[in-house]
file protein.cif (mmCIF, C-alpha atoms)
data_upload
loop_
_atom_site.label_atom_id
_atom_site.label_comp_id
_atom_site.auth_asym_id
_atom_site.auth_seq_id
_atom_site.Cartn_x
_atom_site.Cartn_y
_atom_site.Cartn_z
CA MET A 1 0.00 0.00 0.00
CA ALA A 2 1.28 3.45 -0.84
CA HIS A 3 0.00 6.81 0.39
CA MET A 4 0.99 9.94 -1.46
CA MET A 5 -0.19 13.23 -2.87
CA GLU A 6 1.49 13.09 -6.26
CA GLU A 7 0.03 15.46 -8.83
CA VAL A 8 -1.08 13.88 -12.11
CA VAL A 9 -2.61 15.16 -15.32
CA PHE A 10 -4.85 12.80 -17.26
CA GLY A 11 -3.11 12.14 -20.57
CA ARG A 12 -6.21 10.70 -22.20
CA PRO A 13 -9.92 10.48 -21.44
CA VAL A 14 -10.67 7.63 -19.06
CA ARG A 15 -13.68 5.99 -17.42
CA VAL A 16 -13.29 5.95 -13.63
CA ILE A 17 -15.45 5.03 -10.64
CA LEU A 18 -16.64 7.75 -8.30
CA ILE A 19 -15.93 6.95 -4.64
CA PRO A 20 -18.05 6.20 -2.55
CA ASP A 21 -21.01 6.17 -4.96
CA GLY A 22 -19.69 3.43 -7.27
CA ILE A 23 -20.94 5.36 -10.30
CA GLU A 24 -18.88 5.36 -13.48
CA MET A 25 -17.89 8.72 -14.89
CA ASP A 26 -15.57 10.03 -17.57
CA VAL A 27 -12.54 12.16 -16.79
CA PRO A 28 -11.38 14.21 -19.76
CA GLU A 29 -7.84 14.54 -21.02
CA GLY A 30 -6.04 17.38 -19.27
CA GLU A 31 -7.92 17.02 -15.96
CA ARG A 32 -5.63 17.52 -12.98
CA GLY A 33 -5.66 15.50 -9.76
CA TRP A 34 -3.58 13.98 -7.01
CA VAL A 35 -2.89 10.30 -6.40
CA THR A 36 -3.80 9.80 -2.75
CA GLN A 37 -3.18 6.05 -2.52
CA ILE A 38 -2.42 2.94 -4.51
CA LEU A 39 -4.22 -0.15 -3.25
CA GLY A 40 -4.37 -3.54 -4.95
CA GLY A 41 -3.04 -2.04 -8.18
CA HIS A 42 -5.80 0.58 -8.44
CA PHE A 43 -5.18 4.29 -8.01
CA THR A 44 -7.29 6.61 -5.86
CA VAL A 45 -7.16 10.11 -7.31
CA GLN A 46 -8.61 13.31 -5.88
CA LEU A 47 -9.66 15.52 -8.77
CA GLU A 48 -9.42 19.32 -8.72
CA THR A 49 -13.17 19.37 -8.17
CA GLY A 50 -12.60 17.54 -4.87
CA ARG A 51 -14.20 14.33 -6.13
CA LEU A 52 -12.46 11.09 -5.27
CA VAL A 53 -12.21 8.53 -8.09
CA ARG A 54 -10.71 5.11 -8.63
CA VAL A 55 -8.57 4.61 -11.72
CA ALA A 56 -8.36 0.91 -12.59
CA ASP A 57 -4.95 -0.71 -12.95
CA ARG A 58 -5.60 -1.28 -16.67
CA ASP A 59 -5.88 2.53 -17.12
CA ALA A 60 -2.71 3.46 -15.23
CA ASP A 61 -1.23 4.94 -18.41
CA ALA A 62 -3.97 7.62 -18.38
CA ILE A 63 -2.25 9.17 -15.36
CA GLY A 64 1.28 8.51 -16.55
CA ARG A 65 1.81 5.42 -14.41
CA GLU A 66 2.65 1.82 -15.24
CA ARG A 67 0.18 -0.95 -14.64
CA LEU A 68 0.90 -2.57 -11.28
CA ALA A 69 -1.44 -5.55 -11.20
CA GLY A 70 -1.45 -8.37 -13.74
CA ALA A 71 -4.41 -10.16 -12.21
CA GLY A 72 -7.04 -11.53 -14.51
CA ASP A 73 -4.57 -12.10 -17.35
CA ALA A 74 -3.90 -15.79 -16.63
CA GLU A 75 -5.09 -18.58 -18.90
CA VAL A 76 -7.23 -21.25 -17.25
CA ASP A 77 -5.25 -24.44 -16.73
CA PRO A 78 -7.90 -27.03 -15.78
CA GLU A 79 -5.15 -29.36 -14.55
CA ALA A 80 -3.64 -26.82 -12.15
CA GLU A 81 -4.36 -27.42 -8.50
CA VAL A 82 -5.95 -24.48 -6.71
CA ARG A 83 -5.28 -24.23 -3.00
CA GLU A 84 -7.48 -22.23 -0.66
CA GLU A 85 -4.41 -20.30 0.57
CA GLN A 86 -3.84 -19.04 -3.01
CA VAL A 87 -7.36 -17.62 -3.01
CA TRP A 88 -6.85 -15.95 0.39
CA ASP A 89 -3.58 -14.47 -0.89
CA GLN A 90 -5.46 -12.88 -3.81
CA LEU A 91 -8.20 -11.64 -1.47
CA ARG A 92 -5.49 -9.85 0.51
CA THR A 93 -4.81 -7.76 -2.62
CA CYS A 94 -8.38 -6.39 -2.65
CA TYR A 95 -9.06 -3.21 -0.72
CA ASP A 96 -12.10 -1.36 0.47
CA PRO A 97 -11.83 1.81 -1.62
CA GLU A 98 -12.31 4.10 1.38
CA ILE A 99 -10.36 2.28 4.08
CA PRO A 100 -6.66 1.57 3.44
CA LEU A 101 -6.90 -2.03 4.60
CA ASP A 102 -7.43 -5.24 2.64
CA ILE A 103 -10.80 -7.00 2.83
CA VAL A 104 -9.41 -9.98 4.75
CA GLU A 105 -7.99 -7.79 7.55
CA LEU A 106 -11.25 -5.81 7.54
CA GLY A 107 -13.17 -9.03 8.19
CA LEU A 108 -15.33 -8.63 5.08
CA VAL A 109 -14.81 -12.18 3.78
CA TYR A 110 -17.15 -14.64 5.49
CA SER A 111 -16.40 -17.80 3.50
CA CYS A 112 -14.39 -19.22 0.63
CA ARG A 113 -15.33 -22.56 -0.96
CA LEU A 114 -13.49 -24.41 -3.73
CA THR A 115 -15.23 -27.09 -5.78
CA GLU A 116 -14.60 -28.80 -9.09
CA HIS A 117 -16.12 -26.90 -12.03
CA GLU A 118 -18.21 -28.98 -14.44
CA ASP A 119 -16.02 -27.79 -17.36
CA GLY A 120 -12.76 -28.59 -15.57
CA GLY A 121 -10.73 -26.46 -13.24
CA THR A 122 -12.00 -24.98 -10.00
CA LEU A 123 -15.09 -22.98 -9.07
CA VAL A 124 -14.43 -20.53 -6.24
CA GLU A 125 -17.42 -19.27 -4.26
CA ILE A 126 -16.88 -16.34 -1.94
CA GLU A 127 -19.35 -14.91 0.53
CA MET A 128 -18.50 -11.44 1.73
CA THR A 129 -20.04 -8.31 3.13
CA LEU A 130 -19.47 -4.55 3.04
CA THR A 131 -18.71 -2.11 5.82
CA ALA A 132 -22.09 -0.44 5.15
CA PRO A 133 -25.16 -1.94 3.43
CA GLY A 134 -25.72 1.15 1.27
CA CYS A 135 -22.15 1.28 0.00
CA GLY A 136 -22.20 2.14 -3.69
CA MET A 137 -18.83 0.47 -4.18
CA GLY A 138 -20.16 -3.03 -3.38
CA GLN A 139 -20.34 -4.31 -6.95
CA VAL A 140 -17.00 -2.68 -7.76
CA LEU A 141 -15.41 -4.52 -4.84
CA ALA A 142 -17.08 -7.82 -5.79
CA ASP A 143 -15.86 -7.43 -9.38
CA ASP A 144 -12.33 -6.72 -8.13
CA VAL A 145 -12.43 -9.89 -5.99
CA ALA A 146 -13.57 -12.01 -8.95
CA TYR A 147 -10.95 -10.44 -11.24
CA LYS A 148 -8.09 -11.10 -8.82
CA VAL A 149 -9.14 -14.67 -7.92
CA ARG A 150 -9.59 -15.48 -11.61
CA SER A 151 -5.85 -14.81 -12.04
CA ILE A 152 -5.06 -18.14 -10.35
CA PRO A 153 -4.31 -20.55 -13.25
CA GLY A 154 -6.66 -23.40 -12.23
CA VAL A 155 -9.66 -21.16 -11.51
CA ARG A 156 -12.42 -21.63 -14.10
CA ASP A 157 -15.04 -19.38 -12.51
CA VAL A 158 -15.64 -17.20 -9.45
CA ASN A 159 -18.97 -16.41 -7.79
CA VAL A 160 -18.96 -13.57 -5.29
CA GLU A 161 -22.06 -13.13 -3.16
CA ILE A 162 -22.48 -10.02 -1.03
CA VAL A 163 -24.46 -10.71 2.15
CA PHE A 164 -25.42 -8.57 5.12
CA ASP A 165 -26.09 -11.24 7.71
CA PRO A 166 -24.33 -11.01 10.02
CA PRO A 167 -23.87 -7.27 9.61
CA TRP A 168 -20.25 -6.10 9.57
CA SER A 169 -18.86 -4.28 12.60
CA PRO A 170 -15.35 -3.08 13.50
CA GLU A 171 -15.04 -6.04 15.91
CA MET A 172 -14.77 -8.29 12.82
CA MET A 173 -11.45 -6.72 11.88
CA SER A 174 -8.27 -8.60 12.64
CA GLU A 175 -6.16 -7.39 15.52
CA ALA A 176 -3.44 -6.36 13.05
CA GLY A 177 -6.00 -4.39 11.05
CA ARG A 178 -7.27 -2.54 14.11
CA LEU A 179 -3.69 -1.68 15.08
CA GLU A 180 -2.89 -0.44 11.56
CA LEU A 181 -5.91 1.87 11.63
CA GLY A 182 -5.19 2.98 15.22
CA MET A 183 -8.35 1.40 16.62
CA PHE A 184 -7.66 0.20 20.16
CA TRP A 185 -10.23 -1.42 22.44
#

call {"tool": "encode", "arguments": {"input": "protein.cif", "output": "structure tokens"}}
result
Amino acid sequence: MAHMMEEVVFGRPVRVILIPDGIEMDVPEGERGWVTQILGGHFTVQLETGRLVRVADRDADAIGRERLAGAGDAEVDPEAEVREEQVWDQLRTCYDPEIPLDIVELGLVYSCRLTEHEDGGTLVEIEMTLTAPGCGMGQVLADDVAYKVRSIPGVRDVNVEIVFDPPWSPEMMSEAGRLELGMFW
């Protein structure tokens, strides 16, 4: 994870996601902003207007940066063994867009099941929640999880289900996560 306030100018028009609404919007070429953090390969940029947006790793060139994440580019190898720890490792590269902590440390992942896919390879089913039920970034986060887990060579498909029972609370965070965010109790 990197925190910064590096100024950037968009070198081409790009479709971004408005944080926390989860709404797509276009940023025109020449727009100025500041990279506030880099999490899981995505860039959080504060625009001159004050809006906070997420620039996907695949669009890093739009802000003069190199792509950091290569997730989602792997070919499916139906013979490759998929271990649950590999999935958890990928989940640790997914971040809540507003809290600089991965979704595992935040306690957002409730379950992870691996089964054989009918077409070969592995089906990964993940049950997770959000820090707030009305969070507009829910589908964005679920898509990011599926994208990252799909990068494991033996994974054929990923189903991510967002649930709200039990509701998330800060007590679900790992001890390390609470310490990193300065939450002591």

call {"tool": "atom_distance", "arguments": {"input": "protein.cif", "atom1": "atom CA of Ala56 of chain A", "atom2": "atom CA of Lys148 of chain A"}}
result
12.6 Å

call {"tool": "closest_atom_pairs", "arguments": {"input": "protein.cif", "of": "segment 71-119 of chain A", "to": "segment 126-137 of chain A", "cutoff": "9 Å", "atoms": "only C-alpha atoms", "output": "tab-separated table"}}
result
residue	atom	partner	partner_atom	distance
A:Asp96	CA	A:Met137	CA	8.4
A:Pro97	CA	A:Met137	CA	7.6
A:Ile103	CA	A:Met128	CA	9.0
A:Leu106	CA	A:Thr131	CA	8.5
A:Gly107	CA	A:Thr129	CA	8.6
A:Leu108	CA	A:Thr129	CA	5.1
A:Val109	CA	A:Met128	CA	4.3
A:Tyr110	CA	A:Met128	CA	5.1
A:Ser111	CA	A:Glu127	CA	5.1
A:Cys112	CA	A:Ile126	CA	4.6
A:Arg113	CA	A:Ile126	CA	6.5
A:Leu114	CA	A:Ile126	CA	8.9

call {"tool": "write_last_selection", "arguments": {"input": "protein.cif", "atoms": "C-alpha atoms", "output": "PDB file, in the frame of the given file"}}
result
ATOM      1  CA  ASP A  96     -12.100  -1.360   0.470  1.00  0.00           C
ATOM      2  CA  PRO A  97     -11.830   1.810  -1.620  1.00  0.00           C
ATOM      3  CA  ILE A 103     -10.800  -7.000   2.830  1.00  0.00           C
ATOM      4  CA  LEU A 106     -11.250  -5.810   7.540  1.00  0.00           C
ATOM      5  CA  GLY A 107     -13.170  -9.030   8.190  1.00  0.00           C
ATOM      6  CA  LEU A 108     -15.330  -8.630   5.080  1.00  0.00           C
ATOM      7  CA  VAL A 109     -14.810 -12.180   3.780  1.00  0.00           C
ATOM      8  CA  TYR A 110     -17.150 -14.640   5.490  1.00  0.00           C
ATOM      9  CA  SER A 111     -16.400 -17.800   3.500  1.00  0.00           C
ATOM     10  CA  CYS A 112     -14.390 -19.220   0.630  1.00  0.00           C
ATOM     11  CA  ARG A 113     -15.330 -22.560  -0.960  1.00  0.00           C
ATOM     12  CA  LEU A 114     -13.490 -24.410  -3.730  1.00  0.00           C
TER      13      LEU A 114
END

call {"tool": "closest_atom_pairs", "arguments": {"input": "protein.cif", "of": "segment 81-100 of chain A", "to": "segment 24-46 of chain A", "cutoff": "12 Å", "atoms": "all atoms listed in the file", "output": "Markdown table"}}
result
| residue | atom | partner | partner_atom | distance |
| --- | --- | --- | --- | --- |
| A:Asp89 | CA | A:Gly40 | CA | 11.7 |
| A:Gln90 | CA | A:Gly40 | CA | 9.5 |
| A:Leu91 | CA | A:Gly40 | CA | 9.6 |
| A:Arg92 | CA | A:Gly40 | CA | 8.4 |
| A:Thr93 | CA | A:Gly40 | CA | 4.8 |
| A:Cys94 | CA | A:Gly40 | CA | 5.4 |
| A:Tyr95 | CA | A:Leu39 | CA | 6.3 |
| A:Asp96 | CA | A:Leu39 | CA | 8.8 |
| A:Pro97 | CA | A:Thr44 | CA | 7.9 |
| A:Glu98 | CA | A:Thr44 | CA | 9.2 |
| A:Ile99 | CA | A:Leu39 | CA | 9.9 |
| A:Pro100 | CA | A:Leu39 | CA | 7.3 |

call {"tool": "closest_residue", "arguments": {"input": "protein.cif", "among": "A:Ile63, A:Val158, A:Ala146, A:Met173", "to": "Glu6 of chain A", "atoms": "all atoms listed in the file"}}
result
A:Ile63

call {"tool": "atom_distance", "arguments": {"input": "protein.cif", "atom1": "atom CA of Asp102 of chain A", "atom2": "atom CA of Gly177 of chain A"}}
result
8.6 Å

call {"tool": "atom_distance", "arguments": {"input": "protein.cif", "atom1": "atom CA of His117 of chain A", "atom2": "atom CA of Val155 of chain A"}}
result
8.7 Å

call {"tool": "closest_residue", "arguments": {"input": "protein.cif", "among": "A:Gly50, A:Arg15, A:Val76, A:Leu179", "to": "Ser151 of chain A", "atoms": "all atoms listed in the file"}}
result
A:Val76

call {"tool": "closest_residue", "arguments": {"input": "protein.cif", "among": "A:Ala62, A:Val149, A:Ile19, A:Leu47", "to": "Glu7 of chain A", "atoms": "all atoms listed in the file"}}
result
A:Leu47

call {"tool": "closest_residue", "arguments": {"input": "protein.cif", "among": "A:Glu125, A:Ala176, A:Val140, A:Val87", "to": "Glu161 of chain A", "atoms": "all atoms listed in the file"}}
result
A:Glu125

call {"tool": "closest_residue", "arguments": {"input": "protein.cif", "among": "A:Ile152, A:Val104, A:Leu123, A:Val145", "to": "Ser174 of chain A", "atoms": "all atoms listed in the file"}}
result
A:Val104

call {"tool": "resolve_selection", "arguments": {"input": "protein.cif", "expression": "the PyMOL selection byres ((chain A and resi 154) around 8)", "output": "list in words"}}
result
Val76, Asp77, Pro78, Glu79, Ala80, Glu81, Val82, Gly121, Thr122, Ile152, Pro153, Val155 and Arg156 of chain A

call {"tool": "closest_residue", "arguments": {"input": "protein.cif", "among": "A:Met5, A:Met172, A:Val163, A:Glu118", "to": "Ala142 of chain A", "atoms": "all atoms listed in the file"}}
result
A:Val163

call {"tool": "axis_aligned_box", "arguments": {"input": "protein.cif", "around": "segment 21-26 of chain A", "padding_each_side": "3 Å", "output": "AutoDock Vina command-line options"}}
result
--center_x -18.3 --center_y 6.7 --center_z -11.3 --size_x 11.4 --size_y 12.6 --size_z 18.6
